[in-house]
There are 2 protein chains.
Amino acid sequence: MRLSQYLITTSKEVPKEAKCISHKLMLRAGLIMRFAAGIYSYLPLGYRVLAKVTSIIEEEMNQVGAHQLLLPFVQPAELWKKSGRWGNYGEELVRFKDRKEADFVLGPTHEELITQLMKHQINSYKRLPLTVYQIQTKFRDEPRPRAGVIRTKEFLMKDAYSFCQSEKEQMTIYEKMKQAYERIFSRCLLNYRLVEADTGPIGGERSDEFIALAPLGEDRIVECEECEYVAKLEKADTGFPTSGDRCPLCKSKIRIKRGIEIGHLFWLGEKYSRSLKATFLDRMGKERYFVMGSYGIGVSRLLAAIIEQNHDEEGIIWPKEIAPFQAAIIATSPETFKVAQEIYLRLRRGGLDILWDDRDLSPGVKFNDADIIGIPFKIIIGNTFLKESKIEIKTRREKTTVKVKKDVVFQKMKELVQNAK
Amino acid sequence: MRLSQYLITTSKEVPKEAKCISHKLMLRAGLIMRFAAGIYSYLPLGYRVLAKVTSIIEEEMNQVGAHQLLLPFVQPAELWKKSGRWGNYGEELVRFKDRKEADFVLGPTHEELITQLMKHQINSYKRLPLTVYQIQTKFRDEPRPRAGVIRTKEFLMKDAYSFCQSEKEQMTIYEKMKQAYERIFSRCLLNYRLVEADTGPIGGERSDEFIALAPLGEDRIVECEECEYVAKLEKADTGFPTSGDRCPLCKSKIRIKRGIEIGHLFWLGEKYSRSLKATFLDRMGKERYFVMGSYGIGVSRLLAAIIEQNHDEEGIIWPKEIAPFQAAIIATSPETFKVAQEIYLRLRRGGLDILWDDRDLSPGVKFNDADIIGIPFKIIIGNTFLKESKIEIKTRREKTTVKVKKDVVFQKMKELVQNAK
């Protein structure tokens with residue numbers, strides 16, 4: 001991409017409304033723009049990152065045999081009345097009437113719809129187990145949207161649902177999904193904890209939450225300093241324990257960490273299949289309720305969590321799989337423009353995703369922009385090229401520099417990208 | 001994909017509610033499921049097709065330098081009040097209040113939001129022209145949803161917006177976009193016409209519409225039997241002309257065709273930039289309004305249009321770029337199961353997207369399923385294999401058969417896919 005033809009709008013000013021680092025950096029790097037409280041748009045640069053994260057999630061979901069589909073965002077209220085959530089989901093559920101006075105809701109989650117779908121599509125145990133997922137916009141009328149895309153009203157979510165004939169079968173899928181989540185969050189270079197959690201408005205028998213550690217997080221995690229003990233404090237648990245209290249397992253000291261919920265697994269059992277009368281015929285020809293699980297990842301929120309853990313004074317440091325571009329080419333003087341162009345075309349032909357900063361601006365501005373938006377490598381054609389005919393490649397994360405001849409730049413870049421985090 | 005592990009739900013019954021061929025076939029092939037009038041879900045097979053069409057659109061949009069982004073689906077009413085459409089869009093616009101009594105709308109289109117975005121992101125002519133697009137769910141409270149996904153309340157749309165400094169610059173983009181649309185619809189194997197049309201609730205100075213010819217279409221197209229003359233009759237034009245009337249250009253006979261609107265280009269000019277006060281500084285430092293265009297493609301509707309033009313008695317015939325799978329492997333007797341598996345693994349390793357029908361069902365059922373869901377090739381391991389050690393490859397569209405030895409099946413399939421429509 002030639003930057004002169006792209007939409008990049010970085011800013012040096014720290015926006016007043018932003019309190020936490022990810023929110024500040026997402027605004028300063030020009031990834032998002034706010035339209036109302038908790039309602040954001042993703043600018044082209046932000047969308048690129050969102051699409052990369054989405055691809056990782058799709059790959060890992062497909063890998064465990066989940067099939068992608070798309071459910072409606074606007075849902076008939078009838079199904080919510082059957083499940084009982086029409087009455088008890090609370091004010092976060094947006095309800096409206098269409099022109100014919102029929103009740104609808106904006107989907108905050110999709111358990112009712114997917115259960116209804118399977119009720120009509122699957123009638124025999126022979127088709128089970130079956131896991132499906134979608135990546136879709138959700139809406140929850142949050143009372144207090146905060147911290148940029150961490151707590152919003154509208155957000156992108158990956159929601160998966162599994163349908164099984166037995167608890168045992170369901171357990172296998174639940175564990176497979178847990179492992180898929182671990183791979184997803186590792187590829188995002190996230191430091192996270194897996195803890196048991198409340199089931200909340202989704203309901204069901206148990207739930208497990210993935211929490212990315214971050215100082216701004218709303219979730220409080222208790223960890224033992226010595227053993228493997230880790231737990232989440234629910235909102236009701238106020239005041240205790242505090243750092244310095246003792247671990248319930250080994251009596252060593254505990255510490256309290258904060259974190260952001262990035263993934264949630266729900267063991268639903270028969271909650272929704274019973275209320276919506278969704279059954280299949282088992283091996284003996286007997287009608288039985290589906291045993292279900294549901295599995296969410298807050299896709300937009302994931303970007304903020306990654307930034308919280310991957311940044312420095314200069315800006316974002318994207319993991320290589322998520323960076324909007326793999327490298328930025330910067331020529332520091334007009335006489336190296338042609339060389340920059342030649343390298344740009346060569347790298348692009350080789351399949352690398354390159355941002356060539358061809359704007360008529362000072363090298364300083366270009367370096368700062370590449371740093372704040374978090375590009376993993378800067379390919380600099382400057383004084384070193386004029387003096388020694390060598391191109392400098394700087395890594396964003398490790399801040400190391402290598403010098404290479406022009407004709408091996410592609411080879412070197414491939415190697416660096418391969419070995420990068 | 002092994003079919004035994006996939007969700008495919010074909011049906012022989014013609015659903016009562018479906019009047020037109022695409023609606024019938026989409027339900028019978030198990031691509032979609034209805035949740036309410038005009039509100040559908042895409043089952044895994046339908047989603048695969050939707051994703052293929054989406055990829056084609058993304059490729060062609062990126063090709064003409066449009067940058068993908070994502071705007072919010074739920075929009076603050078404030079901007080609609082500024083543009084005047086809050087009052088005059090009519091009942092198709094869903095309005096609701098959030099918990100703080102603020103007004104919002106469900107996005108039926110996004111001119112207001114993108115204009116507001118550019119107003120804040122772009123201040124100089126140096127950044128122009130700029131074209132952006134998104135692929136996103138829209139909602140319009142249609143009074144009469146009909147014909148499956150052809151006229152729905154919720155649908156997937158590609159909407160692009162261009163921002164220019166002058167009418168001349170805008171003209172270049174408008175023409176480029178027209179050409180991109182022609183490539184998209186050609187890759188979808190659509191027979192279409194390009195006609196001038198009303199601007200409707202989007203407004204602006206002129207508009208051009210792409211209409212796919214189909215008997216069920218709501219749009220009436222007048223074509224001359226001799227010259228290039230083609231035009232669209234607006235709803236107000238009732239009763240005339242009729243087939244047999246004379247062409248206004250060459251006086252030959254005209255005929256009336258029906259069609260489905262699949263794409264629409266709007267020359268907006270300064271309509272939205274004026275009402276939302278969106279300006280940039282020109283070369284002379286003078287403040288000027290953006291000259292805008294907007295460009296839509298009804299993505300979900302496109303599937304129906306493709307089916308209307310690409311089907312036979314047995315079912316859908318997908319163009320190769322859109323088919324959910326490139327080929328289906330069918331073994332007609334248990335003794336060829338191992339060979340089927342071997343071929344499946346070989347083709348998959350070679351990068352082909354294959355559906356292996358490994359279900360314990362009769363060959364007839366498998367042939368019918370592959371045909372109705374529109375898979376371009378059937379790879380049959382049956383009597384011919386047992387007698388002559390040869391595998392049959394049948395093409396769905398041309399209904400031709402070739403016989404090949406097992407070890408050249410991959411080579412032959414690659415060649416057939418390459419040359420297919």
# chains A, B, ... in the order shown; residues from 1 in each chain; ligands from 1

$ residues_around --residues "region 73-83 of chain A" --least-positions-apart "3" --cutoff "7 Å" --atoms "only C-alpha atoms" --output "PyMOL selection string"
(chain A and resi 86+103-107+112+272+275-276) or (chain B and resi 36)

$ write_last_selection --atoms "N, CA, C and O atoms" --output "short mmCIF file (atom, residue, chain, number, x, y, z; two decimals), in the first residue's frame"
data_model
loop_
_atom_site.label_atom_id
_atom_site.label_comp_id
_atom_site.auth_asym_id
_atom_site.auth_seq_id
_atom_site.Cartn_x
_atom_site.Cartn_y
_atom_site.Cartn_z
N TRP A 86 -36.78 -12.75 27.68
CA TRP A 86 -37.48 -11.50 27.33
C TRP A 86 -37.79 -10.72 28.62
O TRP A 86 -37.63 -9.51 28.67
N ASP A 103 -42.95 -7.61 18.15
CA ASP A 103 -41.79 -7.35 19.00
C ASP A 103 -40.51 -7.99 18.46
O ASP A 103 -40.52 -9.15 18.06
N PHE A 104 -39.44 -7.22 18.50
CA PHE A 104 -38.12 -7.72 18.10
C PHE A 104 -37.07 -7.30 19.12
O PHE A 104 -37.30 -6.36 19.89
N VAL A 105 -35.92 -7.99 19.11
CA VAL A 105 -34.79 -7.54 19.94
C VAL A 105 -33.54 -7.45 19.07
O VAL A 105 -33.45 -8.10 18.03
N LEU A 106 -32.60 -6.61 19.49
CA LEU A 106 -31.28 -6.59 18.86
C LEU A 106 -30.43 -7.63 19.57
O LEU A 106 -30.29 -7.58 20.80
N GLY A 107 -29.86 -8.55 18.79
CA GLY A 107 -29.16 -9.70 19.39
C GLY A 107 -27.97 -9.33 20.27
O GLY A 107 -26.96 -8.85 19.77
N GLU A 112 -31.01 -18.55 21.74
CA GLU A 112 -32.37 -18.90 21.32
C GLU A 112 -32.42 -19.25 19.84
O GLU A 112 -33.01 -20.25 19.44
N TYR A 272 -31.50 -24.35 27.23
CA TYR A 272 -32.22 -23.80 26.08
C TYR A 272 -32.98 -24.86 25.30
O TYR A 272 -34.05 -24.60 24.76
N SER A 275 -36.33 -25.34 27.13
CA SER A 275 -37.31 -24.25 27.05
C SER A 275 -37.81 -24.06 25.62
O SER A 275 -38.94 -23.62 25.41
N LEU A 276 -37.00 -24.41 24.62
CA LEU A 276 -37.45 -24.26 23.23
C LEU A 276 -37.86 -25.62 22.63
O LEU A 276 -38.10 -25.72 21.44
N ALA B 36 -38.38 -14.98 10.60
CA ALA B 36 -39.55 -14.10 10.62
C ALA B 36 -39.65 -13.53 9.21
O ALA B 36 -38.75 -13.75 8.39
#

$ interface_residues --of "chain B" --to "chain A" --cutoff "9 Å" --atoms "only C-alpha atoms" --output "VMD selection string"
chain B and resid 4 to 9 30 33 35 to 36 39 to 48 65 67 to 76 91 to 92 94 to 100 113 116 to 117 121 to 122 126 to 130 132 137 139 141 to 143 154 to 155

$ residues_around --residues "region 392-403 of chain A" --least-positions-apart "3" --cutoff "6 Å" --atoms "only C-alpha atoms" --output "number ranges by chain"
A: 376-380

$ residues_around --residues "region 408-410 of chain B" --least-positions-apart "4" --cutoff "7 Å" --atoms "only C-alpha atoms" --output "ChimeraX atom specification"
/B:347,404,414

$ residues_around --residues "Lys19 (chain A)" --least-positions-apart "6" --cutoff "12 Å" --atoms "only C-alpha atoms" --output "PyMOL selection string"
chain A and resi 25-27+146-148+150+215-216

$ write_last_selection --atoms "C-alpha atoms" --output "PDB file, in the first residue's frame"
ATOM      1  CA  LEU A  25      -3.296   4.430  21.478  1.00  0.00           C
ATOM      2  CA  MET A  26      -6.258   3.260  19.381  1.00  0.00           C
ATOM      3  CA  LEU A  27      -7.382   6.874  19.025  1.00  0.00           C
ATOM      4  CA  ARG A 146     -15.952   2.698  29.017  1.00  0.00           C
ATOM      5  CA  ALA A 147     -12.316   2.323  27.991  1.00  0.00           C
ATOM      6  CA  GLY A 148     -12.789   2.586  24.218  1.00  0.00           C
ATOM      7  CA  ILE A 150     -13.291  -2.662  25.994  1.00  0.00           C
ATOM      8  CA  PRO A 215      -4.135  -2.864  34.905  1.00  0.00           C
ATOM      9  CA  LEU A 216      -7.349  -1.281  33.622  1.00  0.00           C
TER      10      LEU A 216
END

$ residues_around --residues "Tyr192 (chain A)" --least-positions-apart "5" --cutoff "8 Å" --atoms "only C-alpha atoms" --output "PyMOL selection string"
chain A and resi 185+210-213

$ write_last_selection --atoms "C-alpha atoms" --output "PDB file, in the first residue's frame"
ATOM      1  CA  PHE A 185      -4.873 -16.132  22.566  1.00  0.00           C
ATOM      2  CA  PHE A 210     -10.285 -16.350  29.792  1.00  0.00           C
ATOM      3  CA  ILE A 211      -8.925 -13.146  31.346  1.00  0.00           C
ATOM      4  CA  ALA A 212      -6.122 -11.103  29.757  1.00  0.00           C
ATOM      5  CA  LEU A 213      -4.087  -9.407  32.468  1.00  0.00           C
TER       6      LEU A 213
END

$ select_by_dssp --residues "region 43-169 of chain B" --states "alpha helix (DSSP H)" --output "PyMOL selection string"
chain B and resi 44-63+77-83+85-88+111-121+167-169

$ atom_distance --atom1 "CA of Lys178 (chain B)" --atom2 "CA of Lys52 (chain A)"
29.0 Å
